[in-house]
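Colleague: Provided herewith: work00.txt, compact mmCIF, C-alpha atoms and all ligand atoms.
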# COMPACT_ATOMS: atom_id res chain seq x y z
CA MET A 1 122.55 -7.69 36.86
CA SER A 2 119.94 -8.97 39.34
CA PRO A 3 117.94 -6.31 41.18
CA SER A 4 119.59 -7.40 44.45
CA SER A 5 123.10 -6.57 43.23
CA LYS A 6 122.13 -3.20 41.72
CA GLU A 7 123.41 -0.13 43.48
CA LEU A 8 120.53 1.73 45.03
CA LYS A 9 119.33 4.50 42.75
CA ARG A 10 120.24 7.91 44.15
CA GLY A 11 117.41 10.26 45.08
CA SER A 12 114.85 7.45 45.52
CA LEU A 13 112.29 6.86 48.22
CA PHE A 14 112.14 3.21 49.31
CA VAL A 15 108.87 2.21 50.97
CA VAL A 16 110.02 -0.61 53.23
CA SER A 17 107.65 -3.04 54.98
CA THR A 18 108.74 -4.17 58.44
CA PRO A 19 107.35 -6.92 60.75
CA ILE A 20 103.93 -6.57 62.43
CA GLY A 21 105.33 -8.36 65.50
CA ASN A 22 107.75 -11.19 64.92
CA LEU A 23 111.12 -9.73 63.95
CA GLU A 24 111.88 -12.73 61.74
CA ASP A 25 109.20 -11.49 59.34
CA ILE A 26 111.51 -9.08 57.54
CA THR A 27 112.82 -9.79 54.07
CA LEU A 28 116.49 -10.03 53.16
CA ARG A 29 115.93 -7.24 50.67
CA ALA A 30 114.37 -4.96 53.30
CA LEU A 31 117.41 -5.50 55.54
CA ARG A 32 119.81 -4.69 52.70
CA ILE A 33 117.90 -1.55 51.72
CA LEU A 34 117.73 -0.33 55.32
CA LYS A 35 121.50 -0.86 55.56
CA GLU A 36 122.33 0.86 52.27
CA VAL A 37 120.10 3.96 52.28
CA ASP A 38 121.45 7.28 53.57
CA LEU A 39 118.51 7.95 55.88
CA ILE A 40 115.50 6.17 57.37
CA ALA A 41 112.30 8.18 57.98
CA ALA A 42 110.39 6.35 60.71
CA GLU A 43 106.97 6.86 62.25
CA ASP A 44 108.36 5.84 65.65
CA THR A 45 112.14 6.22 65.88
CA ARG A 46 112.30 4.35 69.19
CA ARG A 47 110.52 1.30 67.83
CA THR A 48 112.44 1.32 64.54
CA GLY A 49 115.65 1.90 66.52
CA LEU A 50 115.08 -1.43 68.31
CA LEU A 51 114.51 -3.18 64.98
CA LEU A 52 117.70 -1.71 63.51
CA LYS A 53 119.70 -2.60 66.63
CA HIS A 54 118.44 -6.20 66.46
CA PHE A 55 119.83 -6.49 62.92
CA GLY A 56 123.01 -4.45 63.52
CA ILE A 57 121.96 -1.64 61.15
CA GLU A 58 123.43 1.78 61.87
CA THR A 59 121.74 3.97 59.24
CA PRO A 60 120.71 7.39 60.66
CA LEU A 61 117.05 7.72 61.66
CA THR A 62 114.74 10.71 61.45
CA SER A 63 111.12 10.98 62.56
CA TYR A 64 108.19 11.31 60.17
CA PHE A 65 104.81 11.08 61.85
CA GLU A 66 101.33 12.60 61.99
CA GLY A 67 102.06 16.03 63.42
CA ASN A 68 105.42 16.82 61.80
CA GLU A 69 104.60 15.48 58.35
CA LEU A 70 104.19 18.88 56.62
CA LYS A 71 107.51 20.36 57.72
CA LYS A 72 109.36 17.05 57.65
CA GLY A 73 107.89 16.12 54.29
CA LYS A 74 109.45 19.24 52.68
CA TRP A 75 112.76 18.61 54.44
CA LEU A 76 112.84 15.01 53.19
CA MET A 77 112.02 16.13 49.63
CA ASN A 78 115.08 18.41 49.72
CA ARG A 79 117.29 15.53 50.92
CA LEU A 80 115.93 13.34 48.10
CA LYS A 81 116.49 16.07 45.49
CA GLU A 82 120.10 16.33 46.67
CA GLY A 83 120.43 12.67 45.73
CA GLN A 84 120.08 11.00 49.13
CA ARG A 85 118.40 7.61 49.28
CA VAL A 86 115.64 7.57 51.87
CA ALA A 87 113.74 4.58 53.32
CA LEU A 88 110.27 5.15 54.73
CA VAL A 89 109.15 2.76 57.47
CA SER A 90 106.02 2.83 59.62
CA ASP A 91 105.41 1.62 63.15
CA ALA A 92 104.86 -1.85 61.76
CA GLY A 93 103.80 -3.46 58.51
CA THR A 94 103.56 -1.71 55.17
CA PRO A 95 104.01 2.09 55.20
CA GLY A 96 101.09 4.07 53.84
CA ILE A 97 98.42 1.55 54.88
CA SER A 98 96.36 3.41 57.51
CA ASP A 99 99.35 5.48 58.55
CA PRO A 100 100.77 8.91 57.58
CA GLY A 101 103.27 7.39 55.15
CA TYR A 102 100.93 7.87 52.21
CA ARG A 103 101.36 11.67 52.41
CA LEU A 104 105.11 11.39 51.94
CA ILE A 105 104.60 8.93 49.08
CA ARG A 106 102.22 11.39 47.39
CA LEU A 107 104.59 14.28 47.91
CA ALA A 108 107.44 12.28 46.39
CA ILE A 109 105.33 11.41 43.34
CA GLU A 110 104.39 15.10 42.91
CA ASN A 111 108.08 16.00 43.08
CA GLY A 112 109.07 13.44 40.45
CA ILE A 113 110.99 11.31 42.97
CA PRO A 114 111.18 7.58 42.15
CA VAL A 115 109.16 5.59 44.72
CA ILE A 116 110.22 1.97 45.11
CA PRO A 117 108.21 -0.62 47.07
CA ILE A 118 110.03 -3.15 49.25
CA PRO A 119 107.15 -5.53 50.04
CA GLY A 120 106.56 -7.43 53.25
CA PRO A 121 103.90 -7.98 55.91
CA SER A 122 100.72 -6.04 56.42
CA ALA A 123 98.11 -6.85 59.06
CA ILE A 124 95.30 -6.81 56.45
CA VAL A 125 96.66 -9.61 54.29
CA THR A 126 98.09 -11.56 57.24
CA ALA A 127 94.67 -11.69 58.93
CA LEU A 128 92.73 -12.27 55.71
CA SER A 129 94.99 -15.16 54.70
CA ILE A 130 93.96 -17.24 57.73
CA SER A 131 90.35 -16.02 57.95
CA GLY A 132 88.76 -18.80 55.95
CA LEU A 133 86.42 -16.16 54.50
CA PRO A 134 86.36 -15.44 50.76
CA THR A 135 89.56 -13.70 49.70
CA ASP A 136 88.91 -13.23 45.98
CA ALA A 137 87.42 -9.81 46.68
CA PHE A 138 87.49 -7.80 49.89
CA LEU A 139 86.94 -4.27 51.16
CA PHE A 140 89.41 -2.81 53.63
CA LYS A 141 87.80 0.00 55.63
CA GLY A 142 90.70 0.92 57.93
CA PHE A 143 89.58 2.14 61.37
CA LEU A 144 85.84 2.65 61.86
CA PRO A 145 84.78 6.00 63.41
CA HIS A 146 85.31 6.16 67.18
CA LYS A 147 81.82 7.47 68.02
CA SER A 148 78.97 4.96 67.86
CA LYS A 149 76.61 7.23 65.87
CA LYS A 150 79.13 7.78 63.06
CA ARG A 151 80.26 4.16 63.25
CA LYS A 152 76.70 2.95 62.74
CA GLU A 153 76.30 5.31 59.77
CA THR A 154 79.46 3.86 58.18
CA LEU A 155 78.28 0.30 58.82
CA GLN A 156 74.92 1.16 57.29
CA GLU A 157 76.74 2.18 54.08
CA LEU A 158 78.42 -1.25 54.04
CA LYS A 159 75.23 -3.25 54.49
CA GLU A 160 74.85 -4.41 50.90
CA ILE A 161 78.55 -5.02 50.23
CA ARG A 162 79.04 -8.67 49.21
CA GLU A 163 82.83 -8.69 49.58
CA THR A 164 84.59 -9.74 52.79
CA LEU A 165 85.03 -6.68 55.05
CA ILE A 166 88.24 -5.85 56.92
CA PHE A 167 88.65 -3.35 59.76
CA TYR A 168 91.45 -2.30 62.08
CA GLU A 169 90.18 -1.83 65.63
CA SER A 170 91.49 -0.78 69.00
CA PRO A 171 90.95 -3.12 71.97
CA HIS A 172 89.11 -0.33 73.87
CA ARG A 173 86.39 0.00 71.25
CA LEU A 174 86.21 -3.66 70.22
CA ILE A 175 83.08 -4.74 72.13
CA ASP A 176 81.15 -1.58 71.22
CA THR A 177 82.11 -2.03 67.57
CA LEU A 178 81.04 -5.69 67.58
CA LYS A 179 77.69 -4.71 69.13
CA ASP A 180 77.18 -2.06 66.44
CA ILE A 181 78.08 -4.60 63.75
CA PHE A 182 75.53 -7.03 65.23
CA GLU A 183 72.86 -4.33 65.28
CA ILE A 184 73.46 -2.95 61.78
CA LEU A 185 74.85 -5.85 59.76
CA GLY A 186 73.36 -8.78 61.66
CA ASP A 187 74.89 -11.93 63.10
CA ARG A 188 77.52 -12.47 60.43
CA GLU A 189 80.64 -14.60 60.55
CA VAL A 190 83.56 -12.77 62.11
CA VAL A 191 87.24 -13.55 62.56
CA LEU A 192 89.04 -11.60 65.24
CA ALA A 193 92.80 -11.70 64.66
CA ARG A 194 94.70 -10.42 67.67
CA GLU A 195 98.44 -9.91 68.15
CA LEU A 196 99.29 -11.75 64.93
CA THR A 197 102.84 -13.13 64.77
CA LYS A 198 103.41 -12.20 68.44
CA VAL A 199 103.66 -14.28 71.64
CA TYR A 200 99.95 -13.90 72.52
CA GLU A 201 98.66 -14.39 68.97
CA GLU A 202 95.02 -15.43 69.01
CA THR A 203 92.31 -15.99 66.39
CA LEU A 204 88.64 -16.12 67.42
CA ARG A 205 86.05 -17.26 64.91
CA GLY A 206 82.28 -17.45 65.08
CA LYS A 207 79.09 -15.48 64.70
CA VAL A 208 79.33 -11.89 65.92
CA SER A 209 77.08 -12.77 68.92
CA GLU A 210 79.30 -15.75 69.83
CA VAL A 211 82.47 -13.67 69.74
CA ILE A 212 80.82 -10.97 71.89
CA ASP A 213 79.92 -13.71 74.41
CA LEU A 214 83.46 -15.09 74.38
CA LEU A 215 84.91 -11.66 75.10
CA LYS A 216 82.41 -10.57 77.76
CA GLU A 217 84.44 -11.69 80.74
CA ARG A 218 87.81 -10.73 79.30
CA LYS A 219 90.05 -7.71 79.34
CA ILE A 220 91.08 -7.35 75.72
CA LYS A 221 94.54 -6.07 74.88
CA GLY A 222 96.80 -5.82 71.89
CA GLU A 223 96.44 -5.11 68.20
CA ILE A 224 93.33 -6.30 66.44
CA THR A 225 92.18 -6.87 62.88
CA LEU A 226 88.54 -7.83 62.28
CA ILE A 227 87.41 -9.77 59.23
CA LEU A 228 83.70 -9.98 58.55
CA SER A 229 81.73 -11.93 55.98
CA GLY A 230 80.10 -9.79 53.32
CA ASN A 231 76.38 -9.68 52.61
CA THR A 232 75.76 -13.25 51.54
CA ARG A 233 71.96 -13.10 51.54
CA LYS A 234 70.68 -14.77 48.40
CA GLU A 235 69.41 -12.26 45.87
CA LYS A 236 65.64 -12.44 45.59
CA SER A 237 64.80 -14.57 42.62
CA PHE A 238 63.70 -12.43 39.71
CA LEU A 239 60.70 -14.70 39.34
CA THR A 240 59.23 -15.44 42.75
CA PRO A 241 56.81 -18.43 42.91
CA GLU A 242 53.90 -15.98 43.08
CA SER A 243 55.01 -13.95 40.09
CA THR A 244 55.76 -17.14 38.17
CA SER A 245 52.23 -18.38 38.58
CA GLU A 246 50.90 -14.88 37.73
CA ASP A 247 53.05 -14.82 34.62
CA HIS A 248 51.74 -18.21 33.64
CA LYS A 249 48.20 -17.06 34.18
CA ASN A 250 48.90 -13.99 32.03
CA SER A 251 50.57 -15.98 29.31
CA GLU A 252 47.59 -18.29 29.22
CA LYS A 253 45.37 -15.26 28.62
CA LEU A 254 47.51 -14.07 25.69
N1 LIG B 1 100.67 -0.13 58.16
C1 LIG B 1 100.23 -1.21 59.02
C2 LIG B 1 100.06 -2.50 58.21
O1 LIG B 1 100.43 -2.54 57.04
O2 LIG B 1 99.59 -3.50 58.78
C3 LIG B 1 98.96 -0.86 59.77
C4 LIG B 1 99.05 0.41 60.56
S1 LIG B 1 97.64 0.75 61.54
C5 LIG B 1 98.10 2.31 62.20
C6 LIG B 1 97.83 -0.30 62.93
C7 LIG B 1 96.67 -1.27 63.10
O3 LIG B 1 96.93 -2.46 62.34
C8 LIG B 1 96.50 -1.77 64.52
O4 LIG B 1 95.78 -0.84 65.31
C9 LIG B 1 95.74 -3.07 64.31
O5 LIG B 1 94.38 -2.80 64.07
C10 LIG B 1 96.40 -3.58 63.02
N2 LIG B 1 97.53 -4.47 63.39
C11 LIG B 1 98.84 -4.14 63.40
N3 LIG B 1 99.59 -5.17 63.82
C12 LIG B 1 98.73 -6.18 64.08
C13 LIG B 1 98.89 -7.51 64.58
N4 LIG B 1 100.10 -7.97 64.89
N5 LIG B 1 97.79 -8.28 64.72
C14 LIG B 1 96.55 -7.81 64.40
N6 LIG B 1 96.35 -6.57 63.93
C15 LIG B 1 97.42 -5.75 63.79
Could I get this file's structure written as structure tokens?
Ligand code: SAM
Modeller:
Amino acid sequence: MSPSSKELKRGSLFVVSTPIGNLEDITLRALRILKEVDLIAAEDTRRTGLLLKHFGIETPLTSYFEGNELKKGKWLMNRLKEGQRVALVSDAGTPGISDPGYRLIRLAIENGIPVIPIPGPSAIVTALSISGLPTDAFLFKGFLPHKSKKRKETLQELKEIRETLIFYESPHRLIDTLKDIFEILGDREVVLARELTKVYEETLRGKVSEVIDLLKERKIKGEITLILSGNTRKEKSFLTPESTSEDHKNSEKL
């Protein structure tokens, strides 16, 4: 029996990825699971309600968000233990990635509930895939601290990281964050991915200073993912020209 024709296992939590903008970016499997589960726990029931309506899905919705997650988490565990099949969806993208979903996933694991991933889009991978920066290794840092002092401290900790860096950022803090990046990490290559998969999708590429210049006169809106080149400074040669000649001198003496 192929996995798609299997009856959904009772008492399981399905972690279902949904589009990060364009509604066509949902998998056939995600649609089937959302149709077949007994209950959908959504970060934003209004937003998920629109998605379900678009696809003619009538599964009952309940809210699960930062604020009700303790009480609601226990309630959902009881539903799962009774044998209900529950789908977890976030505002957009993959649940648990920089959203409260991970707490429910952890709780389910602690309670011995099967947790089943239904993969799909996530802003991290979507932005990284078109960045043109190295993708073999990367560090996702989520949202940087809101206050400049803390943000600079976090950036300082990332200074020596060689891997490509990925951040989520709000449009209100974007310019300040880019200025802090410039000050702490230098004029690195940056890719600003805005409103991916949506009508006003835009990708800006350049040095941090160039992107700051481009944005100076603009009012920035929408959802943003920033991709930044890692520390690509060449490692100092173990034998610098000076030390080489010194070594030679010494070896001549020996
Ligand atoms: N769980 C989601 C995922 O897998 O992509 C991320 C949730 S996080 C709370 C939301 C942040 O993701 C936004 O503030 C923005 O930084 C980034 N994001 C979401 N949708 C995006 C899009 N369409 N384009 C660029 N960045 C996006």
Colleague: Kindly compile the residues surrounding ligand LIG 1 (chain B) within 8 Å, counting all atoms listed in the file, and format them as a ChimeraX atom specification.
Modeller: /A:17,20-21,90-99,121-124,127,142-143,167-170,193-198,201,222-226
Colleague: Rank A:Gln84, A:Thr177, A:Thr154, A:Ser129 by their smallest atom-to-atom distance to Asp38 in chain A, using all atoms listed in the file, and report the top residue only.
Modeller: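 Closest to Asp38 in chain A of all the choices is A:Gln84.
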Colleague: Which one is closest to Glu110 in chain A: A:Lys141, A:Lys219, A:Lys159, A:Lys74? Count all atoms listed in the file.
Modeller: A:Lys74
Colleague: With all atoms listed in the file as the basis for distance, which of A:Lys152, A:Arg218, A:Lys35, A:Arg106 is at the shortest distance from Ile184 in chain A?
Modeller: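 Closest residue, counting all atoms listed in the file: A:Lys152.
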Colleague: One decimal, in Å: what's the spacing between CA of Gly101 in chain A and CA of Leu39 in chain A?
Modeller: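 Answer for the CA of Gly101 in chain A to CA of Leu39 in chain A separation: 15.3 Å.
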Colleague: Tell me which of A:Val191, A:Ala41, A:Leu128, A:Leu13 sits closest to Arg85 in chain A, counting all atoms listed in the file.
Modeller: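 Closest candidate: A:Leu13.
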Colleague: Out of A:Ile33, A:Val89, A:Leu80, A:Ile130, which residue has the shortest atom-to-atom distance to Leu107 in chain A when counting only C-alpha atoms?
Modeller: A:Leu80
Colleague: Can you work out which one of A:Gly73, A:Gly120, A:Pro100, A:Gly112 has the shortest atom-to-atom distance to Pro19 in chain A, counting all atoms listed in the file?
Modeller: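 Closest to Pro19 in chain A, using all atoms listed in the file: A:Gly120.
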Colleague: Expressed in Å to a single decimal, how great is the separation between CA of Lys81 in chain A and CA of Gly11 in chain A?
Modeller: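 Computed distance, CA of Lys81 in chain A to CA of Gly11 in chain A, equals 5.9 Å.
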Colleague: Near range 203-213 of chain A, counting all atoms listed in the file, which residues have an atom at most 7 Å away, once you skip same-chain residues fewer than 3 positions from it, shown as a list in words?
Modeller: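 Within the cut-off, the hits are Ile175, Leu178, Phe182, Asp187, Arg188, Glu189, Val190, Val191, Leu192, Ala193, Arg194 and Lys216 of chain A.
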Colleague: If we count only C-alpha atoms, what is near range 55-59 of chain A at a cut-off of 10 Å, once residues fewer than 4 positions away on the same chain are taken out, given as a PyMOL selection string?
Modeller: chain A and resi 23+31-32+34-40+49-51+87
Colleague: As an exercise, work out the distance from CA of Ser63 in chain A to CA of Ile166 in chain A in Å and give it to one decimal place.
Modeller: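 Pair CA of Ser63 in chain A / CA of Ile166 in chain A returns 29.0 Å.
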Colleague: Please return, as JSON, numbers by chain, all polymer residues that have at least one atom within 6 Å of the point (112.2, -4.2, 53.8); use all atoms listed in the file and the file's own coordinate frame.
Modeller: {"A": [16, 17, 18, 27, 29, 30, 31, 118]}
